[in-house]
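Engineer: Handing you a structure now.
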Amino acid sequence: MFDMFKQYFPPNIDKLEKNKDVESLAKILTTHKDRITREKATYALGRINSDPQRNRAIEILSEILKDQFEDEGIRSTCALALAHNTVPEVERLLISQLKDDSEGIRSSIVQALADFKTPESMLTLIESLNDLSPKVRAFAGEYLGLTAPLVQNLKDILFNDNETVRAKAIKEMGSTESRKAMDILIMLTESSSDTLRRRAIQALGGYDSPAIIEPLMARVDKEFGENLVAIYASMGKAKSEKTIDFLIDGLKKDSPAIKAACVQALCEKRSDKAIEKLLTILVNPQEFQEQRIIVAKALAKTKRLDVLDAMVSLLGTSAEQLRSKLEDSIVELDLPNTQTYLKKLIASDNEVERFSAAKIIIKQKKTGTGYMLRSLVNDQHEEVKNLVIMGLGDFKEPGVSEALIAILSDFEEPSNIRGNAARSLGRLAEEKAMPPLFDALRDEDEYVRGSAAMALGNYKKTEVIDALGNTLFTDPSEMVKCMILESLGQIKDVRVLDYLKRAESDFSENVKNTAVRILRSIGK
């Protein structure tokens with residue numbers, strides 16, 4: 001009879017725990033009727049931390065946690081009790097049970113996993129932020145110790161496949177300077193997932209903190225491919241001088257992708273040592289052109305005279321793509337000494353250098369530099385000459401119109417040269433150019449006539465409308481007629497409507513369609 005009622009008596013759980021009497025505690029947990037007593041036995045089993053009793057205690061708690069027919073409260077208590085033993089097998093068990101249908105069980109497991117402080121547990125907590133249950137999500141966010149915006153950014157960084165979204169999240173995460181978030185990312189560089197390690201590494205590049213340097217350096221010998229490239233790229237974003245030697249050493253790697261990452265990373269630096277190394281890459285014809293282009297673009301931000309000198313010296317010998325980037329970078333450097341260099345290039349025997357000088361002057365569009373461009377208007381190299389003539393239309397300076405009119409009126413010049421001179425005169429829109437442009441409307445060459453017609457569209461004068469309108473019905477060229485219509489439409493004067501409407505009945509389909517389109521564009 002006594003044995004029948006014994007289960008209702010309060011057992012001495014403290015003594016059983018002290019004696020590590022696992023089987024007695026297990027019997028209380030599985031058979032006792034009092035809920036509080038069972039929970040006390042559960043926690044007692046979780047606190048047994050010496051082998052072999054601990055392994056048996058973990059086994060018992062695990063079996064109850066997995067038992068879908070057991071009381072939910074007891075199962076939740078088992079999850080929390082198991083967290084007293086932060087060993088891998090317990091962690092794996094808890095993570096596997098996060099698929100449980102009960103939000104109470106999942107909430108307890110999230111709470112338990114917060115004690116493990118491993119990449120896998122941190123990752124599981126982050127993944128739990130996507131749980132369907134608000135309660136589970138709240139627990140996960142609480143135990144991660146992050147604010148709601150940081151939680152969202154962390155989710156985007158690690159789980160969103162949209163690169164633009166990830167880049168934005170990385171930027172926002174770094175701007176908060178959250179040490180907690182950074183520590184989580186550092187921990188995730190040890191994750192078993194290649195993708196998550198790479199994304200964590202990339203995100204660490206958003207932090208301008210010396211704390212990221214050692215963890216990233218520690219991964220160099222453990223990573224390959226894209227992950228290794230990501231390390232060098234992220235190191236480049238840290239402003240610490242410690243990273244410069246590391247990046248320079250990375251240039252010795254065989255991988256073109258790593259070299260490119262190191263070049264790009266060094267470009268983020270502003271120290272003399274980094275710039276000097278980049279200059280050696282820029283001037284070395286044996287380096288990959290793509291890297292030299294990246295360097296040229298980055299060095300444009302340095303505003304250094306030695307950089308300008310190096311870039312100018314390369315213009316005459318570089319391939320077209322690199323030369324074009326050098327020209328852009330010289331324009332961006334915008335140093336006071338630039339014009340001195342340009343004068344030397346203009347006087348060069350190398351037509352490539354003269355061509356580059358013309359392009360730089362045209363891109364700069366600095367007031368008072370048109371005279372340098374005008375000095376090349378009769379260059380022996382047709383490509384240089386043509387570029388200069390087209391560019392002069394942006395320089396309203398003394399002597400420019402006269403030089404262009406001379407070219408337009410010279411019948412010895414090729415038609416493309418004369419036509420481009422007409423177009424540049426149109427951009428200048430000076431009255432002195434109107435007579436020669438009227439003459440060009442009657443030129444023998446179709447391109448010259450069409451170019452003159454386009455140029456005259458910049459003049460809003462009655463005589464221009466009449467000249468274009470009369471030519472519209474006398475010129476034999478369909479192309480010239482369409483050019484005239486475009487210019488009439490550009491003038492946007494009520495006087496042009498009659499000409500445009502009459503052109504609708506032209507026998508040429510192209511001319512008709514052009515007239516209809518222009519009339520629609522001006523609302524007629």
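We name chains A, B, ... following the order of the structure tokens; residues begin at 1 in each chain, and ligands are numbered from 1 as shown.
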Find the residues around range 61-76 of chain A up to 10 Å (only C-alpha atoms counted), leave out those fewer than 2 positions away in its own chain, and share them as a PyMOL selection string.
Structural biologist: chain A and resi 26+29-30+35-36+38-39+42-43+45-46+56-59+78-82+90+93-94+96-97+100-102+104-109+112
Engineer: Met311 in chain A: which residues within 10 Å, counting only C-alpha atoms, same-chain residues fewer than 5 positions away excluded, as a VMD selection string?
Structural biologist: chain A and resid 279 282 to 283 296 299 to 300 305 to 306 318 323 325 to 327 329 to 330
Engineer: List the neighbours of Phe246 in chain A out to 10 Å using only C-alpha atoms; skip same-chain residues closer than 4 positions along the sequence, and give me the result as a list in words.
Structural biologist: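 Final neighbour list, sorted by chain and number: Met217, Tyr232, Met235, Gly236, Glu241, Lys242, Gly250, Leu251 and Cys262 of chain A.
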Engineer: With N, CA, C and O atoms retained, write the just-selected residues as an mmCIF file, in the first residue's frame.
Structural biologist:
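Output below, filename again.cif:
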data_model
loop_
_atom_site.group_PDB
_atom_site.id
_atom_site.type_symbol
_atom_site.label_atom_id
_atom_site.label_comp_id
_atom_site.auth_asym_id
_atom_site.auth_seq_id
_atom_site.Cartn_x
_atom_site.Cartn_y
_atom_site.Cartn_z
ATOM 1 N N MET A 217 42.387 37.632 -41.730
ATOM 2 C CA MET A 217 43.709 37.071 -42.037
ATOM 3 C C MET A 217 43.780 35.602 -41.654
ATOM 4 O O MET A 217 44.422 34.802 -42.332
ATOM 5 N N TYR A 232 40.243 39.430 -49.554
ATOM 6 C CA TYR A 232 41.104 40.533 -49.993
ATOM 7 C C TYR A 232 40.280 41.792 -50.267
ATOM 8 O O TYR A 232 40.705 42.908 -49.949
ATOM 9 N N MET A 235 39.358 43.302 -46.885
ATOM 10 C CA MET A 235 40.531 43.894 -46.235
ATOM 11 C C MET A 235 40.837 45.270 -46.814
ATOM 12 O O MET A 235 41.327 46.164 -46.131
ATOM 13 N N GLY A 236 40.532 45.426 -48.092
ATOM 14 C CA GLY A 236 40.797 46.712 -48.736
ATOM 15 C C GLY A 236 39.951 47.833 -48.179
ATOM 16 O O GLY A 236 40.318 49.008 -48.279
ATOM 17 N N GLU A 241 46.596 50.717 -41.775
ATOM 18 C CA GLU A 241 47.809 50.550 -42.584
ATOM 19 C C GLU A 241 48.298 49.104 -42.569
ATOM 20 O O GLU A 241 49.059 48.693 -43.440
ATOM 21 N N LYS A 242 47.854 48.334 -41.569
ATOM 22 C CA LYS A 242 48.290 46.934 -41.471
ATOM 23 C C LYS A 242 47.905 46.127 -42.710
ATOM 24 O O LYS A 242 48.523 45.112 -43.017
ATOM 25 N N GLY A 250 49.315 39.928 -51.706
ATOM 26 C CA GLY A 250 48.288 39.220 -52.473
ATOM 27 C C GLY A 250 48.447 39.373 -53.977
ATOM 28 O O GLY A 250 47.972 38.529 -54.746
ATOM 29 N N LEU A 251 49.139 40.425 -54.404
ATOM 30 C CA LEU A 251 49.383 40.625 -55.837
ATOM 31 C C LEU A 251 50.297 39.543 -56.420
ATOM 32 O O LEU A 251 50.355 39.372 -57.637
ATOM 33 N N CYS A 262 42.962 42.553 -55.058
ATOM 34 C CA CYS A 262 44.010 43.296 -54.335
ATOM 35 C C CYS A 262 44.217 44.676 -54.960
ATOM 36 O O CYS A 262 44.410 45.668 -54.241
#
Engineer: May I ask which of the residues A:Leu113, A:Val496, A:Leu228, A:Cys267 is the closest one to Arg198 in chain A, counting only C-alpha atoms?
Structural biologist: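 The closest residue to Arg198 in chain A is A:Leu228.
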Engineer: Kindly give the distance, in Å, that separates CA of Ala261 in chain A and CA of Ala233 in chain A, rounded to a single decimal.
Structural biologist: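 Rounded to one decimal, the two atoms are 5.3 Å apart.
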Engineer: To one decimal place, how far is CA of Ile184 in chain A from CA of Ile213 in chain A in Å?
Structural biologist: 15.0 Å
Engineer: Residues near Lys168 in chain A, anyone? I mean within 12 Å using only C-alpha atoms, not counting same-chain ones fewer than 3 positions away, as a PyMOL selection string.
Structural biologist: chain A and resi 152-154+156-157+160+162-165+171-175+203+206
Engineer: Enumerate as a list in words all residues of range 205-238 of chain A assigned to alpha helix (DSSP H) by DSSP on the backbone, naming them with the chain letters and numbers the document uses.
Structural biologist: Ile213, Glu214, Pro215, Leu216, Met217, Ala218, Arg219, Gly225, Glu226, Asn227, Leu228, Val229, Ala230, Ile231, Tyr232, Ala233, Ser234, Met235, Gly236 and Lys237 of chain A
Engineer: I need the residues from that last selection saved to file as a CSV table (one decimal), in the first residue's frame (with C-alpha atoms), if you can.
Structural biologist:
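The resulting file, out24.csv, is shown below:
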chain,number,residue,atom,x,y,z
A,213,ILE,CA,41.6,42.3,-39.7
A,214,GLU,CA,42.8,39.4,-37.6
A,215,PRO,CA,39.7,37.2,-38.2
A,216,LEU,CA,40.0,37.7,-41.9
A,217,MET,CA,43.7,37.1,-42.0
A,218,ALA,CA,43.1,33.9,-40.1
A,219,ARG,CA,40.8,32.6,-42.9
A,225,GLY,CA,38.0,30.7,-54.9
A,226,GLU,CA,35.4,33.4,-54.3
A,227,ASN,CA,35.7,33.3,-50.6
A,228,LEU,CA,39.4,34.1,-50.8
A,229,VAL,CA,38.7,36.9,-53.2
A,230,ALA,CA,36.2,38.3,-50.8
A,231,ILE,CA,38.7,38.3,-48.0
A,232,TYR,CA,41.1,40.5,-50.0
A,233,ALA,CA,38.2,42.8,-51.1
A,234,SER,CA,37.0,43.3,-47.5
A,235,MET,CA,40.5,43.9,-46.2
A,236,GLY,CA,40.8,46.7,-48.7
A,237,LYS,CA,37.9,48.5,-47.1
Engineer: I'd like to know which of A:Asp208, A:Glu430, A:Glu268, A:Glu320 is closest to Ala298 in chain A, using only C-alpha atoms.
Structural biologist: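 For Ala298 in chain A, the nearest of the candidates is A:Glu268.
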Engineer: Hey, what's within 10 Å of Ile248 in chain A if we count only C-alpha atoms and toss same-chain stuff fewer than 4 positions away? As an mmCIF file with N, CA and C atoms, in the first residue's frame, please?
Structural biologist:
data_model
loop_
_atom_site.group_PDB
_atom_site.id
_atom_site.type_symbol
_atom_site.label_atom_id
_atom_site.label_comp_id
_atom_site.auth_asym_id
_atom_site.auth_seq_id
_atom_site.Cartn_x
_atom_site.Cartn_y
_atom_site.Cartn_z
ATOM 1 N N THR A 243 46.863 46.555 -43.397
ATOM 2 C CA THR A 243 46.363 45.754 -44.511
ATOM 3 C C THR A 243 47.142 45.973 -45.805
ATOM 4 N N ILE A 244 47.920 47.048 -45.889
ATOM 5 C CA ILE A 244 48.562 47.386 -47.169
ATOM 6 C C ILE A 244 49.573 46.322 -47.577
ATOM 7 N N LYS A 252 50.988 38.808 -55.545
ATOM 8 C CA LYS A 252 51.886 37.738 -56.008
ATOM 9 C C LYS A 252 51.137 36.434 -56.281
ATOM 10 N N LYS A 253 49.854 36.384 -55.903
ATOM 11 C CA LYS A 253 49.075 35.163 -56.114
ATOM 12 C C LYS A 253 48.905 34.894 -57.611
ATOM 13 N N LYS A 259 44.308 38.856 -57.719
ATOM 14 C CA LYS A 259 45.101 40.036 -58.075
ATOM 15 C C LYS A 259 44.197 41.241 -58.310
ATOM 16 N N CYS A 262 42.962 42.553 -55.058
ATOM 17 C CA CYS A 262 44.010 43.296 -54.335
ATOM 18 C C CYS A 262 44.217 44.676 -54.960
ATOM 19 N N VAL A 263 44.197 44.719 -56.274
ATOM 20 C CA VAL A 263 44.329 46.010 -56.953
ATOM 21 C C VAL A 263 43.186 46.929 -56.547
ATOM 22 N N ALA A 265 41.341 46.711 -53.943
ATOM 23 C CA ALA A 265 41.443 47.026 -52.514
ATOM 24 C C ALA A 265 42.493 48.111 -52.264
ATOM 25 N N LEU A 266 43.630 48.014 -52.936
ATOM 26 C CA LEU A 266 44.661 49.039 -52.785
ATOM 27 C C LEU A 266 44.175 50.393 -53.281
ATOM 28 N N LYS A 273 52.378 54.542 -49.788
ATOM 29 C CA LYS A 273 52.854 53.190 -50.118
ATOM 30 C C LYS A 273 51.916 52.504 -51.102
ATOM 31 N N ALA A 274 50.616 52.636 -50.874
ATOM 32 C CA ALA A 274 49.640 52.020 -51.771
ATOM 33 C C ALA A 274 49.670 52.680 -53.139
ATOM 34 N N LYS A 277 52.688 51.641 -55.188
ATOM 35 C CA LYS A 277 52.526 50.286 -55.728
ATOM 36 C C LYS A 277 51.579 50.296 -56.926
ATOM 37 N N LEU A 278 50.522 51.066 -56.831
ATOM 38 C CA LEU A 278 49.562 51.155 -57.938
ATOM 39 C C LEU A 278 50.205 51.786 -59.166
#
Engineer: Got a sec: who's within 12 Å of Ser348 in chain A, counting only C-alpha atoms, leaving out chain neighbours fewer than 3 positions off, as a list of chain:residue names?
Structural biologist: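 Here the qualifying residues turn out to be A:Ser313, A:Leu315, A:Gly316, A:Tyr341, A:Leu342, A:Lys343, A:Lys344, A:Leu345, A:Glu351, A:Val352, A:Glu353, A:Arg354, A:Phe355, A:Ser356, A:Ala357, A:Leu376, A:Asp379.
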Engineer: Given the choices A:Gly426, A:Pro88, A:Gly399, A:Pro134, which gets closest to Lys117 in chain A if the distance is worked out from only C-alpha atoms?
Structural biologist: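 With only C-alpha atoms as the atom set, the closest residue is A:Pro88.
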Engineer: Which residues are near Leu428 in chain A? Cut-off 12 Å, only C-alpha atoms, ignore same chain within fewer than 6 positions. Put them as a VMD selection string.
Structural biologist: chain A and resid 390 to 402 404 to 405 421 to 422 434 455 to 459
